[in-house]
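Reviewing the structure listed below.
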Amino acid sequence: MSKGQSTGSDNRLLAEALSCVRGERLLFRGLDFLLEPGEAGLLTGPNGVGKSSLLRLLAGLLQPSAGSFIAPEKKALCDDRLALDEHLPFEQALRFWAKLDGKGQADVAAAMAHAGLGHLAEVPVRYFSTGQRQRARLARTYLTGAGLWLLDEPANGLDTASVDQLGVALQSHLDGGGIILAASHIPLPIAFDFTLKLEPLEDLEACL
Amino acid sequence: MFVMNSIATIIWRDVRQSYASGGTWLPVIFYLSAATLFPFAVGPDRALLLQTGGGILWIAALLATLLPLDRLIQPDLENGVYDQMIVRGLSDEMIAAARLVSHWLAFGPPLLLAAVLASGLMGLDGAALGTLLASLAIATPALAGLAVMIAALTAGMKGAGALGGLLLVPLAIPLLIFGAGSLSAQGSSALAFLAAISLLLVAITPFAAGAALSAVRE
């Protein structure tokens with residue numbers, strides 16, 4: 001297999017010997033894992049170890065420096081950036097992504113309800129609180145209808161009730177045959193099929 | 001089909017946003033201010049205004065290009081909008097091409113409208129006005145392309161606006177020479193050169209700006 005992403009309409013997430021170098025620093029190397037439809041993986045590890053970079057790499061935003069991966073064609077990335085027009089009412093801002101994702105009005109309403117933001121449809125995004133912004137990111141992710149969800153700290157800034165609500169959404173995605181790979185230091189209320197622990201490479205070399 | 005629909009959606013969003021935010025009218029107001037101030041500065045000598053007015057309107061158009069530089073790419077880049085488009089399978093070149101079209105739609109037509117008003121202040125008559133409008137219509141896509149390229153190159157840098165101005169002005173000189181030159185007697189060959197430069201700049205914009213967008217992600 002050639003370096004980088006091989007395009008296939010595979011609905012698994014399969015990584016083979018993935019390595020990533022950023023800013024002349026090797027973040028991780030030789031990562032192998034497989035997530036079948038309906039499975040969830042948890043990424044853990046200290047700050048700066050490359051969790052976000054791995055998610056961005058799988059989303060197609062970074063090139064692996066070695067190794068390759070196969071991923072479902074439709075992916076959703078939920079990172080710390082909102083990517084919604086701040087001055088627009090929430091529903092209208094979501095509708096832009098709905099059009100790109102080929103979704104309709106009903107899907108937008110469902111995604112908002114799923115994220116517990118149905119009552120804020122008419123409120124401009126710039127008035128959202130930290131927790132509401134996080135839920136808005138999740139709503140944008142739910143809306144994609146993508147098979148693979150790449151979640152970077154999805155529970156950041158959420159209260160307990162919202163974390164439970166997030167758990168319901170994640171579980172229904174898994175039940176529908178979706179795949180989740182999440183980096184989170186807040187325990188998420190779903191059962192993970194495996195945990196991928198990224199270690200700082202200096203420590204790893206000291207062990208060898 | 002997916003790509004064409006997506007690009008149309010993106011262009012529509014950008015255009016609506018720049019008209020709604022008022023960002024479109026700032027260059028127009030600047031342009032009209034420059035045109036209004038010039039007769040005050042050099043005096044109401046009709047012959048002098050006729051002779052120099054077209055050139056001044058061209059300089060004003062070039063400077064008006066600088067105004068929206070820091071709002072073209074930076075906000076969407078910072079907010080992760082381009083990342084989300086890439087995740088959805090759009091390429092950097094397509095994003096840049098869409099930005100070029102949407103920026104021109106928000107920049108070109110209003111500037112042409114302002115040029116009609118401004119040329120009244122300079123006393124430009126029918127034929128000269130026609131040539132001025134033709135040259136601006138040919139050059140505004142290139143000016144929009146330069147703005148998008150430089151905005152993408154400087155996105156994420158401190159003082160991007162000032163640096164962008166420094167980069168853009170020298171690159172726009174050929175446009176100014178042939179654009180303002182088209183107002184003189186041998187106008188038609190200058191217009192042809194202007195069109196050639198404009199086509200070149202428009203053609204390279206998606207690739208140059210796309211490469212810049214891709215580089216900033218690494």
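Convention: chains lettered A, B, ... in structure tokens order; per-chain residue numbering from 1; ligands numbered from 1 as shown.
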Proximity check chain A to chain B, 8 Å, nearest pairs one decimal Å, only C-alpha atoms, as JSON lines:
{"residue": "A:Arg22", "atom": "CA", "partner": "B:Glu218", "partner_atom": "CA", "distance": 7.6}
{"residue": "A:Ala59", "atom": "CA", "partner": "B:Val87", "partner_atom": "CA", "distance": 5.7}
{"residue": "A:Gly60", "atom": "CA", "partner": "B:Val87", "partner_atom": "CA", "distance": 6.1}
{"residue": "A:Leu61", "atom": "CA", "partner": "B:Ile86", "partner_atom": "CA", "distance": 6.9}
{"residue": "A:Leu62", "atom": "CA", "partner": "B:Glu218", "partner_atom": "CA", "distance": 6.4}
{"residue": "A:Lys74", "atom": "CA", "partner": "B:Arg88", "partner_atom": "CA", "distance": 7.0}
{"residue": "A:Lys75", "atom": "CA", "partner": "B:Val87", "partner_atom": "CA", "distance": 6.6}
{"residue": "A:Ala76", "atom": "CA", "partner": "B:Val87", "partner_atom": "CA", "distance": 7.0}
{"residue": "A:Leu77", "atom": "CA", "partner": "B:Val87", "partner_atom": "CA", "distance": 7.2}
{"residue": "A:Arg81", "atom": "CA", "partner": "B:Gly80", "partner_atom": "CA", "distance": 5.4}
{"residue": "A:Leu82", "atom": "CA", "partner": "B:Asn79", "partner_atom": "CA", "distance": 6.0}
{"residue": "A:Ala83", "atom": "CA", "partner": "B:Val81", "partner_atom": "CA", "distance": 4.5}
{"residue": "A:Leu84", "atom": "CA", "partner": "B:Val81", "partner_atom": "CA", "distance": 7.3}
{"residue": "A:Phe96", "atom": "CA", "partner": "B:Thr9", "partner_atom": "CA", "distance": 7.4}
{"residue": "A:Lys99", "atom": "CA", "partner": "B:Thr9", "partner_atom": "CA", "distance": 7.2}
{"residue": "A:Leu100", "atom": "CA", "partner": "B:Ser6", "partner_atom": "CA", "distance": 5.4}
{"residue": "A:Asp101", "atom": "CA", "partner": "B:Arg88", "partner_atom": "CA", "distance": 7.8}
inquiry  = If we count only C-alpha atoms and set the cut-off at 10 Å, which residues sit around Ala172 in chain B, ignoring sequence neighbours fewer than 6 positions away in its own chain? Please answer as a VMD selection string.
reply    = chain B and resid 62 to 63 65 139 142 to 143 146 to 147 197
Residues of the last selection are to be written out with N, CA, C and O atoms, as a PDB file, in the first residue's frame.
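Wrote it out as out_21.pdb, contents follow:
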ATOM      1  N   LEU B  62      -6.654  50.615  -6.937  1.00  0.00           N
ATOM      2  CA  LEU B  62      -5.600  49.731  -6.456  1.00  0.00           C
ATOM      3  C   LEU B  62      -5.520  49.776  -4.930  1.00  0.00           C
ATOM      4  O   LEU B  62      -5.377  48.743  -4.261  1.00  0.00           O
ATOM      5  N   LEU B  63      -5.619  51.005  -4.393  1.00  0.00           N
ATOM      6  CA  LEU B  63      -5.521  51.118  -2.931  1.00  0.00           C
ATOM      7  C   LEU B  63      -6.762  50.535  -2.261  1.00  0.00           C
ATOM      8  O   LEU B  63      -6.668  49.974  -1.160  1.00  0.00           O
ATOM      9  N   THR B  65      -8.189  47.966  -3.111  1.00  0.00           N
ATOM     10  CA  THR B  65      -7.979  46.510  -3.055  1.00  0.00           C
ATOM     11  C   THR B  65      -7.372  46.082  -1.725  1.00  0.00           C
ATOM     12  O   THR B  65      -7.582  44.966  -1.254  1.00  0.00           O
ATOM     13  N   ALA B 139      -9.710  44.444 -14.994  1.00  0.00           N
ATOM     14  CA  ALA B 139      -8.662  44.314 -13.973  1.00  0.00           C
ATOM     15  C   ALA B 139      -9.184  43.875 -12.616  1.00  0.00           C
ATOM     16  O   ALA B 139      -8.423  43.301 -11.838  1.00  0.00           O
ATOM     17  N   ALA B 142      -8.398  40.397 -11.500  1.00  0.00           N
ATOM     18  CA  ALA B 142      -6.985  40.218 -11.163  1.00  0.00           C
ATOM     19  C   ALA B 142      -6.678  40.830  -9.804  1.00  0.00           C
ATOM     20  O   ALA B 142      -5.928  40.251  -9.009  1.00  0.00           O
ATOM     21  N   LEU B 143      -7.255  42.008  -9.531  1.00  0.00           N
ATOM     22  CA  LEU B 143      -7.039  42.628  -8.218  1.00  0.00           C
ATOM     23  C   LEU B 143      -7.613  41.739  -7.114  1.00  0.00           C
ATOM     24  O   LEU B 143      -6.997  41.559  -6.064  1.00  0.00           O
ATOM     25  N   LEU B 146      -5.188  38.818  -6.709  1.00  0.00           N
ATOM     26  CA  LEU B 146      -4.002  39.214  -5.941  1.00  0.00           C
ATOM     27  C   LEU B 146      -4.343  39.309  -4.468  1.00  0.00           C
ATOM     28  O   LEU B 146      -3.581  38.849  -3.604  1.00  0.00           O
ATOM     29  N   ALA B 147      -5.503  39.901  -4.167  1.00  0.00           N
ATOM     30  CA  ALA B 147      -5.890  40.069  -2.764  1.00  0.00           C
ATOM     31  C   ALA B 147      -6.059  38.707  -2.099  1.00  0.00           C
ATOM     32  O   ALA B 147      -5.587  38.495  -0.974  1.00  0.00           O
ATOM     33  N   ILE B 197      -2.678  40.050 -18.558  1.00  0.00           N
ATOM     34  CA  ILE B 197      -2.167  39.976 -17.179  1.00  0.00           C
ATOM     35  C   ILE B 197      -3.274  39.500 -16.241  1.00  0.00           C
ATOM     36  O   ILE B 197      -3.061  38.686 -15.339  1.00  0.00           O
TER      37      ILE B 197
END
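Distances to Asp10 in chain A were evaluated for A:Phe33, A:Phe192, A:Phe28, A:Phe69 using only C-alpha atoms, and the minimum falls at A:Phe69.
Distance-wise, CA of Leu143 in chain A and CA of Gln105 in chain A end up 10.5 Å apart.
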ask   = What lies within 9 Å of Leu55 in chain A using only C-alpha atoms, ignoring chain neighbours under 6 positions off, as a count of residues only?
value = 9
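CA of Ala64 in chain B sits 14.7 Å away from CA of Pro170 in chain B.
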request  = Report as a ChimeraX atom specification: the residues of range 21-153 of chain A with a DSSP assignment of alpha helix (DSSP H), based on the backbone of this structure.
outcome  = /A:51-58,90-100,105-114,130-144
Selection above as a file: N, CA and C atoms, as a short mmCIF file (atom, residue, chain, number, x, y, z; two decimals), in the first residue's frame:
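Result saved to selection_23.cif:
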data_model
loop_
_atom_site.label_atom_id
_atom_site.label_comp_id
_atom_site.auth_asym_id
_atom_site.auth_seq_id
_atom_site.Cartn_x
_atom_site.Cartn_y
_atom_site.Cartn_z
N LYS A 51 -2.40 13.60 20.28
CA LYS A 51 -3.78 13.11 20.13
C LYS A 51 -4.53 13.90 19.06
N SER A 52 -4.45 15.24 19.18
CA SER A 52 -5.14 16.08 18.19
C SER A 52 -4.55 15.88 16.80
N SER A 53 -3.22 15.74 16.73
CA SER A 53 -2.59 15.55 15.44
C SER A 53 -3.04 14.24 14.80
N LEU A 54 -3.20 13.19 15.62
CA LEU A 54 -3.67 11.92 15.07
C LEU A 54 -5.08 12.07 14.51
N LEU A 55 -5.94 12.80 15.26
CA LEU A 55 -7.31 13.00 14.78
C LEU A 55 -7.32 13.82 13.49
N ARG A 56 -6.48 14.87 13.45
CA ARG A 56 -6.42 15.71 12.24
C ARG A 56 -5.85 14.91 11.06
N LEU A 57 -4.92 14.03 11.37
CA LEU A 57 -4.33 13.20 10.33
C LEU A 57 -5.40 12.27 9.73
N LEU A 58 -6.17 11.65 10.62
CA LEU A 58 -7.21 10.73 10.13
C LEU A 58 -8.32 11.49 9.40
N PHE A 90 -28.07 30.51 15.05
CA PHE A 90 -27.47 29.18 15.08
C PHE A 90 -27.98 28.29 13.95
N GLU A 91 -29.31 28.29 13.78
CA GLU A 91 -29.89 27.39 12.78
C GLU A 91 -29.39 27.73 11.37
N GLN A 92 -29.30 29.03 11.09
CA GLN A 92 -28.86 29.46 9.76
C GLN A 92 -27.38 29.10 9.55
N ALA A 93 -26.58 29.25 10.61
CA ALA A 93 -25.16 28.92 10.51
C ALA A 93 -24.99 27.42 10.25
N LEU A 94 -25.81 26.60 10.90
CA LEU A 94 -25.74 25.16 10.69
C LEU A 94 -26.19 24.79 9.27
N ARG A 95 -27.14 25.56 8.75
CA ARG A 95 -27.70 25.23 7.44
C ARG A 95 -26.64 25.27 6.34
N PHE A 96 -25.62 26.12 6.53
CA PHE A 96 -24.52 26.16 5.55
C PHE A 96 -23.85 24.78 5.45
N TRP A 97 -23.53 24.20 6.62
CA TRP A 97 -22.87 22.88 6.60
C TRP A 97 -23.86 21.81 6.16
N ALA A 98 -25.14 21.99 6.50
CA ALA A 98 -26.15 21.02 6.07
C ALA A 98 -26.17 20.93 4.55
N LYS A 99 -26.07 22.11 3.88
CA LYS A 99 -26.09 22.11 2.41
C LYS A 99 -24.87 21.38 1.87
N LEU A 100 -23.70 21.62 2.48
CA LEU A 100 -22.48 20.95 2.00
C LEU A 100 -22.56 19.45 2.25
N GLN A 105 -33.65 20.47 6.04
CA GLN A 105 -34.12 21.23 7.20
C GLN A 105 -34.41 20.32 8.40
N ALA A 106 -35.00 19.16 8.13
CA ALA A 106 -35.36 18.25 9.23
C ALA A 106 -34.10 17.75 9.94
N ASP A 107 -33.04 17.49 9.16
CA ASP A 107 -31.79 17.02 9.77
C ASP A 107 -31.19 18.09 10.67
N VAL A 108 -31.28 19.36 10.23
CA VAL A 108 -30.75 20.46 11.05
C VAL A 108 -31.50 20.50 12.37
N ALA A 109 -32.83 20.41 12.31
CA ALA A 109 -33.64 20.46 13.53
C ALA A 109 -33.29 19.28 14.44
N ALA A 110 -33.10 18.10 13.83
CA ALA A 110 -32.78 16.91 14.62
C ALA A 110 -31.43 17.06 15.30
N ALA A 111 -30.43 17.59 14.56
CA ALA A 111 -29.09 17.75 15.13
C ALA A 111 -29.13 18.74 16.29
N MET A 112 -29.90 19.82 16.12
CA MET A 112 -29.99 20.81 17.20
C MET A 112 -30.65 20.19 18.43
N ALA A 113 -31.70 19.42 18.21
CA ALA A 113 -32.40 18.79 19.33
C ALA A 113 -31.48 17.79 20.02
N HIS A 114 -30.73 17.03 19.21
CA HIS A 114 -29.79 16.05 19.73
C HIS A 114 -28.76 16.69 20.65
N THR A 130 -19.66 29.00 26.76
CA THR A 130 -18.65 27.97 26.46
C THR A 130 -19.29 26.61 26.23
N GLY A 131 -20.20 26.23 27.14
CA GLY A 131 -20.84 24.92 27.02
C GLY A 131 -21.74 24.84 25.80
N GLN A 132 -22.42 25.95 25.52
CA GLN A 132 -23.30 25.95 24.33
C GLN A 132 -22.49 25.88 23.05
N ARG A 133 -21.30 26.52 23.04
CA ARG A 133 -20.43 26.43 21.87
C ARG A 133 -20.00 24.99 21.64
N GLN A 134 -19.68 24.32 22.76
CA GLN A 134 -19.27 22.92 22.63
C GLN A 134 -20.41 22.08 22.06
N ARG A 135 -21.62 22.34 22.56
CA ARG A 135 -22.76 21.58 22.05
C ARG A 135 -23.05 21.93 20.59
N ALA A 136 -22.74 23.19 20.21
CA ALA A 136 -22.92 23.58 18.80
C ALA A 136 -21.94 22.81 17.91
N ARG A 137 -20.71 22.63 18.39
CA ARG A 137 -19.74 21.81 17.63
C ARG A 137 -20.27 20.39 17.45
N LEU A 138 -20.85 19.87 18.55
CA LEU A 138 -21.38 18.50 18.47
C LEU A 138 -22.54 18.44 17.49
N ALA A 139 -23.42 19.46 17.52
CA ALA A 139 -24.55 19.49 16.59
C ALA A 139 -24.05 19.47 15.15
N ARG A 140 -22.98 20.23 14.89
CA ARG A 140 -22.42 20.26 13.53
C ARG A 140 -21.88 18.88 13.16
N THR A 141 -21.35 18.17 14.16
CA THR A 141 -20.83 16.82 13.91
C THR A 141 -21.96 15.83 13.65
N TYR A 142 -23.02 15.91 14.48
CA TYR A 142 -24.16 15.00 14.29
C TYR A 142 -24.76 15.18 12.90
N LEU A 143 -24.77 16.44 12.46
CA LEU A 143 -25.44 16.79 11.21
C LEU A 143 -24.77 16.16 9.98
N THR A 144 -23.46 15.87 10.07
CA THR A 144 -22.74 15.41 8.88
C THR A 144 -23.29 14.09 8.34
#
note = Ser119 in chain B proximity check over B:Val28, B:Val202, B:Leu133, B:Gly159, using only C-alpha atoms: winner is B:Leu133
task = Could you please write out, as an MDAnalysis selection string, every residue of range 1-207 of chain A that DSSP assigns to strand (DSSP E or B)?
result = chainID A and resid 4:5 13:22 25:35 40:44 66:70 75:78 89 124 148:152 179:183 194:197
Expected file contents, prior selection, C-alpha atoms, as a CSV table (one decimal), in the first residue's frame:
chain,number,residue,atom,x,y,z
A,4,GLY,CA,-0.9,8.2,2.9
A,5,GLN,CA,-4.6,7.5,2.6
A,13,LEU,CA,-11.0,2.6,10.2
A,14,LEU,CA,-7.7,0.8,9.8
A,15,ALA,CA,-4.3,2.3,10.6
A,16,GLU,CA,-1.1,0.7,9.7
A,17,ALA,CA,2.3,1.8,11.1
A,18,LEU,CA,1.1,5.5,11.2
A,19,SER,CA,3.8,8.0,12.2
A,20,CYS,CA,3.5,11.8,12.4
A,21,VAL,CA,6.2,14.4,12.5
A,22,ARG,CA,5.3,18.0,13.4
A,25,ARG,CA,9.4,16.5,16.3
A,26,LEU,CA,8.3,12.9,16.0
A,27,LEU,CA,4.9,12.7,17.8
A,28,PHE,CA,4.1,9.1,17.4
A,29,ARG,CA,5.2,6.2,15.2
A,30,GLY,CA,4.1,2.7,14.3
A,31,LEU,CA,0.5,3.1,15.3
A,32,ASP,CA,-1.6,0.1,14.3
A,33,PHE,CA,-5.3,-0.2,15.2
A,34,LEU,CA,-8.6,-1.3,13.7
A,35,LEU,CA,-12.1,0.0,14.4
A,40,ALA,CA,-15.4,3.1,19.6
A,41,GLY,CA,-11.8,3.9,20.5
A,42,LEU,CA,-10.5,6.2,23.2
A,43,LEU,CA,-7.3,8.1,22.8
A,44,THR,CA,-5.5,9.0,26.0
A,66,ALA,CA,5.0,7.2,7.3
A,67,GLY,CA,2.3,4.4,7.3
A,68,SER,CA,-1.1,4.5,5.9
A,69,PHE,CA,-4.7,4.3,6.9
A,70,ILE,CA,-8.1,3.4,5.5
A,75,LYS,CA,-15.8,11.8,8.2
A,76,ALA,CA,-16.7,14.3,10.8
A,77,LEU,CA,-14.1,16.2,12.9
A,78,CYS,CA,-15.1,17.9,16.1
A,89,PRO,CA,-28.5,32.7,14.1
A,124,PRO,CA,-26.8,34.4,17.0
A,148,LEU,CA,-16.5,8.1,11.3
A,149,TRP,CA,-16.6,10.7,14.1
A,150,LEU,CA,-13.2,12.1,15.2
A,151,LEU,CA,-13.8,13.8,18.5
A,152,ASP,CA,-11.2,16.0,20.2
A,179,ILE,CA,-17.3,4.5,14.3
A,180,ILE,CA,-16.0,6.9,17.0
A,181,LEU,CA,-12.4,7.8,17.9
A,182,ALA,CA,-12.4,10.2,20.7
A,183,ALA,CA,-9.6,11.9,22.7
A,194,PHE,CA,-10.2,-0.2,23.1
A,195,THR,CA,-8.0,2.5,24.5
A,196,LEU,CA,-5.0,3.8,22.6
A,197,LYS,CA,-2.5,5.3,25.0
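Taking CA of Leu163 in chain B and CA of Ala212 in chain B as the two end points, the separation is 15.4 Å.
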